[in-house]
file entry-v1.cif (mmCIF, C-alpha atoms)
data_target
#
loop_
_atom_site.label_atom_id
_atom_site.label_comp_id
_atom_site.auth_asym_id
_atom_site.auth_seq_id
_atom_site.Cartn_x
_atom_site.Cartn_y
_atom_site.Cartn_z
CA MET A 1 -75.39 -125.00 -110.59
CA LYS A 2 -74.60 -125.82 -114.24
CA SER A 3 -75.17 -122.19 -115.16
CA LEU A 4 -72.86 -121.04 -112.37
CA ILE A 5 -70.13 -123.45 -113.48
CA ALA A 6 -70.44 -122.18 -117.05
CA ASP A 7 -70.14 -118.55 -115.87
CA ILE A 8 -67.03 -119.37 -113.86
CA ALA A 9 -65.48 -121.12 -116.87
CA ASN A 10 -65.98 -117.94 -118.94
CA ILE A 11 -64.06 -115.72 -116.50
CA ASP A 12 -60.80 -114.62 -118.11
CA GLU A 13 -57.62 -115.66 -116.31
CA VAL A 14 -55.76 -112.53 -117.44
CA GLU A 15 -57.38 -109.18 -118.19
CA VAL A 16 -56.21 -107.85 -121.55
CA PHE A 17 -57.07 -104.26 -122.40
CA GLY A 18 -56.28 -101.48 -124.86
CA ARG A 19 -57.25 -97.85 -125.43
CA VAL A 20 -59.58 -96.02 -127.80
CA LYS A 21 -57.49 -94.30 -130.49
CA SER A 22 -60.18 -92.78 -132.69
CA VAL A 23 -63.91 -92.74 -133.41
CA GLN A 24 -65.13 -92.24 -136.98
CA GLY A 25 -68.89 -92.39 -137.24
CA LEU A 26 -69.69 -95.73 -135.60
CA LEU A 27 -66.24 -97.23 -136.22
CA ILE A 28 -64.00 -97.31 -133.15
CA ASP A 29 -60.22 -97.84 -133.48
CA ILE A 30 -58.58 -99.52 -130.49
CA VAL A 31 -54.84 -99.91 -129.93
CA GLY A 32 -53.41 -102.62 -127.72
CA PRO A 33 -52.17 -106.20 -127.88
CA VAL A 34 -53.94 -107.00 -131.16
CA ARG A 35 -52.21 -110.37 -131.41
CA GLU A 36 -54.47 -111.52 -128.58
CA LEU A 37 -57.60 -110.54 -130.50
CA ARG A 38 -59.72 -112.10 -133.24
CA VAL A 39 -62.53 -111.10 -135.55
CA GLY A 40 -65.86 -111.65 -133.78
CA GLY A 41 -64.37 -111.12 -130.33
CA ARG A 42 -65.99 -108.81 -127.79
CA VAL A 43 -64.66 -105.58 -126.30
CA LYS A 44 -66.09 -103.62 -123.36
CA ILE A 45 -65.26 -99.91 -123.45
CA GLU A 46 -65.41 -98.06 -120.14
CA THR A 47 -67.02 -94.71 -121.01
CA LYS A 48 -66.62 -91.37 -119.27
CA SER A 49 -69.96 -91.70 -117.49
CA ASN A 50 -68.82 -94.94 -115.77
CA GLY A 51 -70.89 -96.93 -118.22
CA VAL A 52 -69.80 -99.88 -120.35
CA LEU A 53 -70.26 -100.01 -124.12
CA GLU A 54 -69.98 -103.48 -125.61
CA CYS A 55 -68.47 -103.73 -129.09
CA GLU A 56 -67.52 -106.45 -131.56
CA ILE A 57 -64.24 -106.66 -133.44
CA ILE A 58 -65.01 -106.66 -137.15
CA GLY A 59 -61.48 -106.33 -138.56
CA PHE A 60 -57.97 -104.95 -138.27
CA ARG A 61 -56.14 -102.09 -139.97
CA ASP A 62 -52.58 -100.77 -139.49
CA GLY A 63 -52.17 -102.72 -136.26
CA HIS A 64 -55.46 -101.43 -134.79
CA ALA A 65 -58.61 -103.35 -133.94
CA LEU A 66 -61.71 -102.02 -135.72
CA CYS A 67 -64.86 -102.30 -133.61
CA LEU A 68 -68.55 -101.55 -134.01
CA PRO A 69 -70.72 -100.83 -130.94
CA PHE A 70 -73.90 -102.58 -129.86
CA GLY A 71 -75.24 -99.26 -128.56
CA PRO A 72 -74.80 -95.49 -129.03
CA VAL A 73 -71.23 -94.14 -128.95
CA GLU A 74 -72.10 -91.10 -126.80
CA GLY A 75 -69.68 -90.89 -123.88
CA VAL A 76 -66.76 -92.60 -125.65
CA ARG A 77 -63.60 -90.45 -125.63
CA LEU A 78 -60.00 -90.86 -126.72
CA GLY A 79 -58.03 -93.02 -124.31
CA CYS A 80 -61.04 -94.85 -122.88
CA ARG A 81 -60.06 -98.23 -121.45
CA ALA A 82 -61.17 -101.14 -123.64
CA VAL A 83 -61.19 -104.59 -122.01
CA PHE A 84 -61.01 -107.56 -124.39
CA ALA A 85 -63.18 -110.56 -123.54
CA GLY A 86 -61.64 -113.99 -123.86
CA HIS A 87 -64.79 -115.46 -125.45
CA ASP A 88 -67.29 -114.57 -128.15
CA GLY A 89 -70.97 -113.96 -127.53
CA ALA A 90 -73.02 -116.96 -126.40
CA VAL A 91 -76.39 -117.59 -124.78
CA TYR A 92 -77.64 -120.17 -122.27
CA PRO A 93 -81.25 -120.91 -123.28
CA CYS A 94 -83.64 -123.19 -121.41
CA GLU A 95 -87.31 -124.18 -121.44
CA SER A 96 -88.28 -121.29 -119.15
CA TRP A 97 -87.59 -118.83 -121.97
CA LEU A 98 -90.84 -119.87 -123.64
CA GLY A 99 -93.47 -117.16 -123.44
CA ARG A 100 -90.91 -114.34 -123.25
CA VAL A 101 -89.94 -111.38 -125.43
CA ILE A 102 -86.18 -110.78 -125.51
CA ASN A 103 -83.63 -108.57 -127.24
CA ALA A 104 -80.63 -109.59 -129.34
CA ASN A 105 -78.50 -110.15 -126.22
CA GLY A 106 -80.97 -112.64 -124.77
CA GLU A 107 -82.24 -110.15 -122.17
CA PRO A 108 -85.97 -109.81 -121.35
CA ILE A 109 -87.73 -106.68 -122.59
CA ASP A 110 -91.27 -107.68 -121.56
CA GLU A 111 -90.99 -106.36 -117.98
CA GLY A 112 -91.04 -109.91 -116.68
CA ALA A 113 -88.70 -111.68 -114.28
CA PRO A 114 -85.02 -112.18 -115.19
CA LEU A 115 -84.45 -115.14 -117.47
CA LYS A 116 -83.11 -118.34 -116.01
CA GLN A 117 -79.92 -119.53 -117.66
CA GLY A 118 -79.43 -123.04 -119.00
CA GLY A 119 -76.33 -125.11 -118.38
CA GLU A 120 -75.13 -125.31 -121.99
CA ALA A 121 -73.60 -122.43 -123.94
CA ARG A 122 -74.98 -122.03 -127.46
CA ALA A 123 -72.88 -120.08 -129.95
CA LEU A 124 -74.69 -117.28 -131.72
CA ARG A 125 -72.90 -117.97 -135.00
CA ALA A 126 -72.99 -121.75 -134.99
CA PRO A 127 -72.16 -123.54 -138.27
CA PRO A 128 -74.95 -125.37 -140.14
CA LEU A 129 -75.30 -129.12 -139.71
CA PRO A 130 -73.27 -131.32 -142.11
CA ALA A 131 -75.29 -131.89 -145.27
CA HIS A 132 -74.75 -135.68 -145.35
CA LYS A 133 -76.01 -136.13 -141.76
CA ARG A 134 -79.32 -134.32 -142.14
CA ASN A 135 -82.66 -136.06 -142.30
CA ARG A 136 -84.99 -135.62 -145.26
CA VAL A 137 -87.88 -133.17 -144.96
CA GLY A 138 -90.85 -134.54 -143.05
CA GLU A 139 -94.60 -134.65 -143.51
CA PRO A 140 -96.64 -131.72 -144.90
CA LEU A 141 -97.05 -128.92 -142.35
CA ASP A 142 -100.53 -127.45 -141.95
CA LEU A 143 -100.21 -123.64 -142.12
CA GLY A 144 -103.97 -123.08 -141.87
CA ILE A 145 -103.99 -120.93 -145.04
CA ARG A 146 -105.77 -122.36 -148.09
CA VAL A 147 -103.62 -120.85 -150.83
CA LEU A 148 -100.37 -121.99 -149.20
CA ASN A 149 -101.57 -125.44 -148.10
CA THR A 150 -102.74 -126.33 -151.59
CA PHE A 151 -100.43 -124.57 -154.05
CA THR A 152 -97.18 -124.20 -152.06
CA THR A 153 -97.37 -127.05 -149.58
CA VAL A 154 -94.67 -126.80 -146.89
CA CYS A 155 -93.06 -129.82 -145.25
CA GLU A 156 -91.44 -130.04 -141.82
CA GLY A 157 -87.84 -128.90 -142.17
CA GLN A 158 -88.43 -126.88 -145.33
CA ARG A 159 -87.28 -123.26 -145.79
CA LEU A 160 -89.65 -120.90 -147.58
CA GLY A 161 -89.38 -117.22 -148.46
CA ILE A 162 -92.25 -114.70 -148.49
CA PHE A 163 -91.42 -112.00 -151.06
CA ALA A 164 -93.43 -108.77 -151.03
CA GLY A 165 -93.15 -105.02 -151.26
CA SER A 166 -94.02 -102.73 -148.39
CA GLY A 167 -97.69 -102.62 -147.39
CA VAL A 168 -98.73 -105.70 -149.39
CA GLY A 169 -99.60 -107.79 -146.31
CA LYS A 170 -96.65 -110.07 -145.58
CA SER A 171 -96.68 -109.25 -141.85
CA VAL A 172 -100.38 -110.15 -141.65
CA LEU A 173 -99.71 -113.38 -143.56
CA MET A 174 -96.88 -114.17 -141.15
CA SER A 175 -99.14 -113.55 -138.14
CA MET A 176 -101.74 -115.95 -139.61
CA MET A 177 -99.09 -118.65 -139.98
CA VAL A 178 -97.78 -118.10 -136.45
CA ARG A 179 -101.27 -118.48 -135.03
CA ASN A 180 -102.45 -121.41 -137.20
CA THR A 181 -99.40 -123.61 -137.79
CA ALA A 182 -99.26 -126.87 -135.86
CA SER A 183 -95.71 -126.93 -134.42
CA ASP A 184 -94.18 -127.80 -131.04
CA ILE A 185 -92.29 -124.52 -130.61
CA THR A 186 -92.39 -121.17 -132.43
CA ILE A 187 -89.42 -118.80 -132.58
CA VAL A 188 -90.17 -115.37 -134.07
CA GLY A 189 -87.43 -112.92 -135.01
CA LEU A 190 -88.53 -109.31 -135.60
CA ILE A 191 -85.46 -107.77 -137.26
CA GLY A 192 -85.48 -104.00 -137.75
CA GLU A 193 -89.20 -103.91 -136.87
CA ARG A 194 -91.16 -100.76 -136.08
CA GLY A 195 -91.16 -100.29 -132.32
CA ARG A 196 -94.91 -99.64 -132.05
CA GLU A 197 -95.75 -102.91 -133.82
CA VAL A 198 -93.97 -105.20 -131.36
CA ARG A 199 -96.61 -105.06 -128.62
CA GLU A 200 -99.40 -105.29 -131.21
CA PHE A 201 -97.83 -108.41 -132.70
CA VAL A 202 -97.37 -110.10 -129.34
CA ALA A 203 -100.80 -109.22 -127.96
CA ASP A 204 -103.00 -109.35 -131.06
CA GLN A 205 -101.29 -111.79 -133.44
CA LEU A 206 -99.65 -114.29 -131.10
CA GLY A 207 -102.08 -113.97 -128.24
CA GLU A 208 -101.73 -115.45 -124.78
CA GLU A 209 -102.03 -119.05 -125.95
CA GLY A 210 -99.62 -118.65 -128.86
CA LEU A 211 -97.02 -116.93 -126.69
CA LYS A 212 -96.92 -119.84 -124.24
CA ARG A 213 -95.07 -121.98 -126.80
CA ALA A 214 -93.11 -119.17 -128.44
CA ILE A 215 -90.10 -116.92 -127.96
CA VAL A 216 -90.02 -113.51 -129.66
CA VAL A 217 -86.64 -111.94 -130.44
CA VAL A 218 -86.83 -108.20 -131.13
CA ALA A 219 -84.37 -105.70 -132.58
CA THR A 220 -86.15 -102.49 -133.59
CA SER A 221 -85.10 -100.28 -136.49
CA ASP A 222 -83.46 -97.70 -134.23
CA GLU A 223 -80.97 -100.19 -132.76
CA SER A 224 -77.43 -100.60 -134.05
CA ALA A 225 -76.56 -102.74 -137.06
CA LEU A 226 -74.81 -105.26 -134.79
CA MET A 227 -77.93 -105.67 -132.66
CA ARG A 228 -80.13 -106.21 -135.72
CA ARG A 229 -77.72 -108.77 -137.15
CA GLN A 230 -77.30 -110.53 -133.81
CA ALA A 231 -81.08 -110.78 -133.37
CA ALA A 232 -81.17 -112.90 -136.52
CA TYR A 233 -78.36 -115.11 -135.23
CA LEU A 234 -80.10 -115.51 -131.85
CA THR A 235 -83.37 -116.48 -133.55
CA LEU A 236 -81.67 -119.42 -135.31
CA THR A 237 -79.69 -120.32 -132.18
CA LEU A 238 -82.87 -120.72 -130.14
CA ALA A 239 -84.49 -122.74 -132.92
CA GLU A 240 -81.47 -125.06 -132.99
CA TYR A 241 -81.61 -125.50 -129.22
CA PHE A 242 -85.19 -126.79 -129.28
CA ARG A 243 -84.54 -128.80 -132.45
CA ASP A 244 -81.77 -130.70 -130.65
CA GLN A 245 -84.33 -131.57 -127.96
CA GLY A 246 -86.41 -133.39 -130.57
CA LYS A 247 -88.95 -130.59 -131.13
CA ASN A 248 -90.39 -129.58 -134.49
CA VAL A 249 -89.73 -125.84 -134.50
CA LEU A 250 -91.37 -123.16 -136.62
CA CYS A 251 -88.80 -120.37 -137.10
CA MET A 252 -90.11 -117.14 -138.59
CA MET A 253 -88.04 -114.06 -139.38
CA ASP A 254 -89.26 -110.64 -140.51
CA SER A 255 -87.23 -109.71 -142.42
CA LEU A 256 -84.13 -111.03 -144.18
CA THR A 257 -83.80 -107.75 -146.05
CA ARG A 258 -83.20 -105.83 -142.83
CA PHE A 259 -80.61 -108.43 -141.81
CA ALA A 260 -78.88 -107.83 -145.14
CA MET A 261 -79.07 -104.05 -144.62
CA ALA A 262 -77.47 -104.42 -141.19
CA GLN A 263 -74.66 -106.49 -142.70
CA ARG A 264 -74.28 -103.85 -145.42
CA GLU A 265 -73.76 -101.16 -142.78
CA ILE A 266 -71.13 -103.31 -141.09
CA GLY A 267 -69.34 -104.13 -144.33
CA LEU A 268 -69.25 -100.55 -145.59
CA ALA A 269 -68.02 -99.31 -142.20
CA ILE A 270 -64.96 -101.54 -142.43
CA GLY A 271 -64.24 -100.44 -145.99
CA GLU A 272 -65.62 -103.28 -148.11
CA PRO A 273 -66.28 -102.34 -151.74
CA PRO A 274 -69.98 -101.90 -152.55
CA THR A 275 -71.23 -104.18 -155.34
CA ALA A 276 -74.84 -104.80 -156.40
CA LYS A 277 -77.00 -101.89 -155.17
CA GLY A 278 -74.39 -101.02 -152.55
CA TYR A 279 -74.33 -104.44 -150.90
CA PRO A 280 -70.76 -105.61 -150.12
CA PRO A 281 -69.67 -109.22 -150.77
CA THR A 282 -70.05 -110.30 -147.12
CA VAL A 283 -73.84 -109.87 -147.38
CA PHE A 284 -74.01 -112.68 -149.93
CA THR A 285 -71.66 -114.76 -147.78
CA GLU A 286 -73.66 -114.33 -144.56
CA LEU A 287 -77.09 -115.04 -146.07
CA PRO A 288 -76.45 -118.74 -146.86
CA ARG A 289 -74.63 -119.21 -143.53
CA LEU A 290 -77.74 -117.98 -141.73
CA LEU A 291 -80.35 -119.75 -143.86
CA GLU A 292 -78.59 -123.12 -143.96
CA ARG A 293 -78.93 -123.36 -140.17
CA ALA A 294 -82.65 -124.00 -140.66
CA GLY A 295 -83.89 -127.29 -142.06
CA PRO A 296 -84.09 -130.95 -141.02
CA GLY A 297 -82.05 -132.03 -138.00
CA LEU A 298 -79.94 -135.09 -137.40
CA VAL A 299 -81.35 -138.59 -137.01
CA ASN A 300 -83.61 -138.82 -133.91
CA SER A 301 -83.74 -135.04 -133.54
CA GLY A 302 -86.34 -132.46 -134.49
CA SER A 303 -86.46 -130.02 -137.37
CA VAL A 304 -86.49 -126.28 -138.01
CA THR A 305 -89.08 -125.14 -140.56
CA GLY A 306 -87.94 -121.70 -141.68
CA LEU A 307 -90.31 -119.02 -143.02
CA PHE A 308 -88.45 -115.84 -143.93
CA THR A 309 -89.91 -112.61 -145.29
CA VAL A 310 -88.06 -110.58 -147.92
CA LEU A 311 -88.94 -106.92 -148.40
CA VAL A 312 -88.38 -106.37 -152.14
CA GLU A 313 -87.34 -102.80 -152.91
CA GLY A 314 -89.59 -100.97 -155.33
CA ASP A 315 -91.62 -104.16 -155.95
CA ASP A 316 -88.63 -105.45 -157.93
CA HIS A 317 -88.60 -109.20 -157.28
CA ASN A 318 -85.25 -109.52 -159.07
CA GLU A 319 -83.32 -107.11 -156.85
CA PRO A 320 -80.03 -108.56 -155.42
CA ILE A 321 -81.25 -109.77 -152.01
CA ALA A 322 -84.45 -111.34 -153.34
CA ASP A 323 -82.52 -113.03 -156.14
CA ALA A 324 -79.88 -114.41 -153.77
CA VAL A 325 -82.39 -115.66 -151.19
CA ARG A 326 -84.57 -117.29 -153.83
CA GLY A 327 -81.62 -119.42 -154.91
CA ILE A 328 -80.93 -120.62 -151.36
CA LEU A 329 -84.39 -121.44 -150.03
CA ASP A 330 -86.62 -124.42 -150.83
CA GLY A 331 -89.40 -122.34 -152.32
CA HIS A 332 -90.87 -118.86 -152.46
CA ILE A 333 -94.23 -117.18 -151.98
CA VAL A 334 -94.69 -114.09 -154.15
CA MET A 335 -97.13 -111.41 -153.00
CA GLU A 336 -98.09 -108.68 -155.46
CA ARG A 337 -99.39 -105.17 -154.95
CA ALA A 338 -101.80 -105.41 -157.91
CA ILE A 339 -103.60 -108.34 -156.23
CA ALA A 340 -103.79 -106.49 -152.91
CA GLU A 341 -105.21 -103.43 -154.67
CA ARG A 342 -108.06 -105.62 -155.96
CA GLY A 343 -108.90 -106.42 -152.35
CA ARG A 344 -107.90 -110.09 -152.38
CA TYR A 345 -105.92 -111.10 -149.30
CA PRO A 346 -103.57 -112.86 -148.89
CA ALA A 347 -102.25 -111.24 -152.08
CA VAL A 348 -100.37 -114.36 -153.22
CA ASN A 349 -99.57 -114.80 -156.90
CA VAL A 350 -100.03 -118.55 -157.26
CA LEU A 351 -98.43 -118.73 -160.71
CA ARG A 352 -95.18 -117.13 -159.50
CA SER A 353 -95.01 -119.04 -156.21
CA ILE A 354 -93.41 -122.46 -155.87
CA SER A 355 -92.58 -125.06 -153.24
CA ARG A 356 -89.70 -127.35 -154.18
CA THR A 357 -91.12 -130.22 -152.11
CA MET A 358 -94.11 -130.50 -154.45
CA PRO A 359 -95.46 -132.67 -155.99
CA GLY A 360 -93.85 -135.30 -153.75
CA CYS A 361 -95.92 -134.27 -150.72
CA VAL A 362 -99.26 -133.93 -152.55
CA PRO A 363 -101.73 -136.86 -152.74
CA GLU A 364 -101.61 -138.43 -156.19
CA GLU A 365 -105.33 -137.91 -156.81
CA MET A 366 -104.94 -134.14 -156.21
CA ARG A 367 -102.14 -133.59 -158.73
CA PRO A 368 -104.44 -133.41 -161.80
CA VAL A 369 -106.74 -131.04 -159.92
CA LEU A 370 -103.89 -128.65 -159.06
CA GLN A 371 -102.59 -128.82 -162.62
CA GLN A 372 -106.03 -128.03 -163.99
CA VAL A 373 -106.51 -125.07 -161.64
CA ARG A 374 -103.09 -123.66 -162.53
CA GLU A 375 -104.04 -123.93 -166.20
CA TYR A 376 -107.26 -122.00 -165.56
CA MET A 377 -105.32 -119.27 -163.74
CA SER A 378 -102.67 -119.08 -166.46
CA VAL A 379 -105.22 -118.77 -169.27
CA TYR A 380 -107.17 -116.10 -167.36
CA ALA A 381 -103.98 -114.15 -166.59
CA ASP A 382 -103.01 -114.13 -170.29
CA MET A 383 -106.42 -112.77 -171.35
CA GLU A 384 -107.18 -110.63 -168.30
CA GLU A 385 -106.73 -107.25 -169.97
CA LEU A 386 -108.95 -108.17 -172.92
CA ILE A 387 -111.60 -109.57 -170.57
CA ARG A 388 -111.64 -106.44 -168.41
CA LEU A 389 -111.88 -104.18 -171.48
CA GLY A 390 -114.72 -106.27 -172.91
CA ALA A 391 -112.69 -107.06 -176.04
CA TYR A 392 -113.06 -110.82 -175.65
CA ARG A 393 -116.14 -112.43 -177.21
CA LYS A 394 -117.56 -115.43 -175.41
CA GLY A 395 -117.23 -118.58 -177.49
CA SER A 396 -114.03 -117.54 -179.23
CA ASP A 397 -111.92 -119.99 -177.20
CA PRO A 398 -113.37 -122.78 -175.02
CA ARG A 399 -110.32 -122.72 -172.70
CA VAL A 400 -110.81 -119.01 -172.02
CA ASP A 401 -114.54 -119.53 -171.48
CA LYS A 402 -113.77 -122.17 -168.82
CA ALA A 403 -111.23 -119.90 -167.14
CA ILE A 404 -113.72 -117.01 -167.00
CA GLU A 405 -116.44 -119.25 -165.58
CA VAL A 406 -114.29 -120.71 -162.80
CA ASN A 407 -112.46 -117.48 -161.90
CA PRO A 408 -114.98 -116.11 -159.31
CA ALA A 409 -114.95 -119.41 -157.40
CA LEU A 410 -111.14 -119.54 -157.45
CA GLU A 411 -110.86 -115.92 -156.26
CA ALA A 412 -113.17 -116.74 -153.35
CA PHE A 413 -111.07 -119.83 -152.56
CA LEU A 414 -107.81 -117.82 -152.59
CA SER A 415 -109.26 -115.11 -150.32
CA GLN A 416 -109.14 -115.78 -146.60
CA GLY A 417 -109.90 -113.65 -143.58
CA GLN A 418 -107.29 -113.09 -140.90
CA GLU A 419 -109.26 -115.10 -138.34
CA GLU A 420 -110.09 -118.00 -140.69
CA LYS A 421 -108.29 -121.34 -140.62
CA THR A 422 -108.49 -124.10 -143.22
CA SER A 423 -106.71 -127.43 -142.93
CA ILE A 424 -104.86 -129.10 -145.80
CA VAL A 425 -107.55 -131.76 -146.22
CA ASP A 426 -110.37 -129.21 -146.23
CA GLY A 427 -108.49 -127.09 -148.75
CA TYR A 428 -108.11 -130.04 -151.12
CA GLU A 429 -111.82 -130.85 -150.79
CA LEU A 430 -112.86 -127.26 -151.54
CA LEU A 431 -110.58 -127.02 -154.55
CA GLY A 432 -111.65 -130.42 -155.85
CA GLY A 433 -115.30 -129.37 -155.51
CA ILE A 434 -114.70 -126.26 -157.63
CA VAL A 435 -113.10 -128.25 -160.46
CA GLU A 436 -115.73 -131.00 -160.29
CA GLU A 437 -118.61 -128.51 -160.35
CA THR A 438 -117.12 -126.75 -163.38
CA ALA A 439 -116.67 -130.05 -165.21
CA THR A 440 -120.28 -131.07 -164.41
CA GLU A 441 -121.73 -127.79 -165.68
CA GLN A 442 -119.87 -128.11 -168.95
CA THR A 443 -120.87 -131.74 -169.62
CA PRO A 444 -123.45 -131.79 -172.47
CA THR A 445 -126.84 -133.25 -171.59
#

call {"tool": "encode", "arguments": {"input": "entry-v1.cif", "output": "structure tokens"}}
result
Amino acid sequence: MKSLIADIANIDEVEVFGRVKSVQGLLIDIVGPVRELRVGGRVKIETKSNGVLECEIIGFRDGHALCLPFGPVEGVRLGCRAVFAGHDGAVYPCESWLGRVINANGEPIDEGAPLKQGGEARALRAPPLPAHKRNRVGEPLDLGIRVLNTFTTVCEGQRLGIFAGSGVGKSVLMSMMVRNTASDITIVGLIGERGREVREFVADQLGEEGLKRAIVVVATSDESALMRRQAAYLTLTLAEYFRDQGKNVLCMMDSLTRFAMAQREIGLAIGEPPTAKGYPPTVFTELPRLLERAGPGLVNSGSVTGLFTVLVEGDDHNEPIADAVRGILDGHIVMERAIAERGRYPAVNVLRSISRTMPGCVPEEMRPVLQQVREYMSVYADMEELIRLGAYRKGSDPRVDKAIEVNPALEAFLSQGQEEKTSIVDGYELLGGIVEETATEQTPT
């Protein structure tokens, strides 16, 4: 009944419509009563084949409304009737959506039953919570991955980026976190994903048990820029819905780069000037608006822990999107191709990764251990080329000798199979054992 009342409330009292004036690429010009329109509003174009093409108003020029379509423009002709909706896009989520795979419009694509609609409309582009009303981040969150639990510990309500080039293993790392993380609800956004990988991810990575407490939002790479961007908005909207119910939500998005590319297409279509690497200014405006929606909730509400992947172009970790995202999030995990080529997975570079909630969330007795291990890794990294070439003579530097001795054990600790799971406590114990064993071996008798 609540859903029906909400639908009735969204029916427009007066139908306002215009006509298609021109189509240039994906940009559609519509003439009509533009004073009744607004940026972000929806338009439904009645095509020649008696179909309906939904569009979004992205700007105005010379008294015309500029629109981008959510689907292909085939069938649109000059003079097509364009009906303006009196409301922007919204969704009506409810608990029954758990276990489903949906598209950017909130429609099921898993061949299941139609989705039930909740009684409360949730805006797709909701503003972030006020900064002064948010809770602090919560307790450490067990991701089940040794290298992340120990060296980049994540807390409930934290936002972390996973930075990697193509083929380095970030999707596999994300699937391990989805399967192993202890959270109430999981929302996964696959933005611009390969179509063939969607079913594999749902069946193999999430599994039947994981899907029961998850919602997967999918916008494949062949869909329009608006659909890819809206899938990201819907992912955060669903996370906010369950957060407001007091749930601790794990929100994962793969990837922010494809969201930025979709926004770039939209910005360039409307005539924005390209800046860094062709990205218009609105890209760097939309990124913080999206990312700030994740994080701790209000008092007596849940939290949204955000894990976002960033596909760095050409393995350049200082490219514009990676640099902008790194400044917004509460930490970053850097994955490197050179480590993956050595056969160590996950290919996380510990020295370049950081969690801004550390060391506050790490037990005090473990802080010296982590500092010592980082020192071993740093010394070994500085001398790695000489060691591999055989140019370093044992005994020349005691610090280097220690780093060489402990390196095989650390490499084994940092490696983890896709099916393995290690808790935070177990990870600390393993790491402490490595340092203690090294210290014992080097104690003179």

call {"tool": "closest_residue", "arguments": {"input": "entry-v1.cif", "among": "A:Leu226, A:Val188, A:Val218, A:Leu298", "to": "A:Pro69", "atoms": "all atoms listed in the file"}}
result
A:Leu226

call {"tool": "resolve_selection", "arguments": {"input": "entry-v1.cif", "expression": "the PyMOL selection byres ((chain A and resi 305) around 12)", "output": "MDAnalysis selection string"}}
result
chainID A and resid 137:143 154:161 177:178 181:188 236 239:240 243 247:253 291:297 302:304 306:308 329:330

call {"tool": "resolve_selection", "arguments": {"input": "entry-v1.cif", "expression": "the PyMOL selection byres ((chain A and resi 225) around 12)", "output": "number ranges by chain"}}
result
A: 26-27, 55-56, 68-72, 104, 191-192, 219-224, 226-232, 258-269

call {"tool": "resolve_selection", "arguments": {"input": "entry-v1.cif", "expression": "the PyMOL selection byres ((chain A and resi 214) around 9)", "output": "number ranges by chain"}}
result
A: 97-101, 185-188, 206, 210-213, 215-216

call {"tool": "atom_distance", "arguments": {"input": "entry-v1.cif", "atom1": "atom CA of A:Ser353", "atom2": "atom CA of A:Ile333"}}
result
4.7 Å

call {"tool": "atom_distance", "arguments": {"input": "entry-v1.cif", "atom1": "atom CA of A:Tyr380", "atom2": "atom CA of A:Ser396"}}
result
13.8 Å

call {"tool": "residues_near_point", "arguments": {"input": "entry-v1.cif", "point": "(-113.9, -121.9, -167.7)", "cutoff": "9 Å", "atoms": "only C-alpha atoms", "output": "PyMOL selection string"}}
result
chain A and resi 376+380+398-407+438-439+442

call {"tool": "closest_residue", "arguments": {"input": "entry-v1.cif", "among": "A:Gly343, A:Leu290, A:Phe151, A:Val73", "to": "A:Met358", "atoms": "only C-alpha atoms"}}
result
A:Phe151

call {"tool": "residues_around", "arguments": {"input": "entry-v1.cif", "residues": "stretch 165-175 of chain A", "least_positions_apart": "3", "cutoff": "10 Å", "atoms": "only C-alpha atoms", "output": "JSON list (two decimals) with C-alpha atoms, in the frame of the given file"}}
result
[["chain", "number", "residue", "atom", "x", "y", "z"],
["A", 145, "ILE", "CA", -103.99, -120.93, -145.04],
["A", 162, "ILE", "CA", -92.25, -114.70, -148.49],
["A", 178, "VAL", "CA", -97.78, -118.10, -136.45],
["A", 179, "ARG", "CA", -101.27, -118.48, -135.03],
["A", 180, "ASN", "CA", -102.45, -121.41, -137.20],
["A", 188, "VAL", "CA", -90.17, -115.37, -134.07],
["A", 201, "PHE", "CA", -97.83, -108.41, -132.70],
["A", 202, "VAL", "CA", -97.37, -110.10, -129.34],
["A", 204, "ASP", "CA", -103.00, -109.35, -131.06],
["A", 205, "GLN", "CA", -101.29, -111.79, -133.44],
["A", 206, "LEU", "CA", -99.65, -114.29, -131.10],
["A", 252, "MET", "CA", -90.11, -117.14, -138.59],
["A", 253, "MET", "CA", -88.04, -114.06, -139.38],
["A", 254, "ASP", "CA", -89.26, -110.64, -140.51],
["A", 255, "SER", "CA", -87.23, -109.71, -142.42],
["A", 307, "LEU", "CA", -90.31, -119.02, -143.02],
["A", 308, "PHE", "CA", -88.45, -115.84, -143.93],
["A", 309, "THR", "CA", -89.91, -112.61, -145.29],
["A", 310, "VAL", "CA", -88.06, -110.58, -147.92],
["A", 311, "LEU", "CA", -88.94, -106.92, -148.40],
["A", 312, "VAL", "CA", -88.38, -106.37, -152.14],
["A", 313, "GLU", "CA", -87.34, -102.80, -152.91],
["A", 314, "GLY", "CA", -89.59, -100.97, -155.33],
["A", 315, "ASP", "CA", -91.62, -104.16, -155.95],
["A", 316, "ASP", "CA", -88.63, -105.45, -157.93],
["A", 317, "HIS", "CA", -88.60, -109.20, -157.28],
["A", 333, "ILE", "CA", -94.23, -117.18, -151.98],
["A", 334, "VAL", "CA", -94.69, -114.09, -154.15],
["A", 335, "MET", "CA", -97.13, -111.41, -153.00],
["A", 336, "GLU", "CA", -98.09, -108.68, -155.46],
["A", 337, "ARG", "CA", -99.39, -105.17, -154.95],
["A", 338, "ALA", "CA", -101.80, -105.41, -157.91],
["A", 339, "ILE", "CA", -103.60, -108.34, -156.23],
["A", 340, "ALA", "CA", -103.79, -106.49, -152.91],
["A", 341, "GLU", "CA", -105.21, -103.43, -154.67],
["A", 345, "TYR", "CA", -105.92, -111.10, -149.30],
["A", 346, "PRO", "CA", -103.57, -112.86, -148.89],
["A", 347, "ALA", "CA", -102.25, -111.24, -152.08],
["A", 348, "VAL", "CA", -100.37, -114.36, -153.22],
["A", 418, "GLN", "CA", -107.29, -113.09, -140.90]]
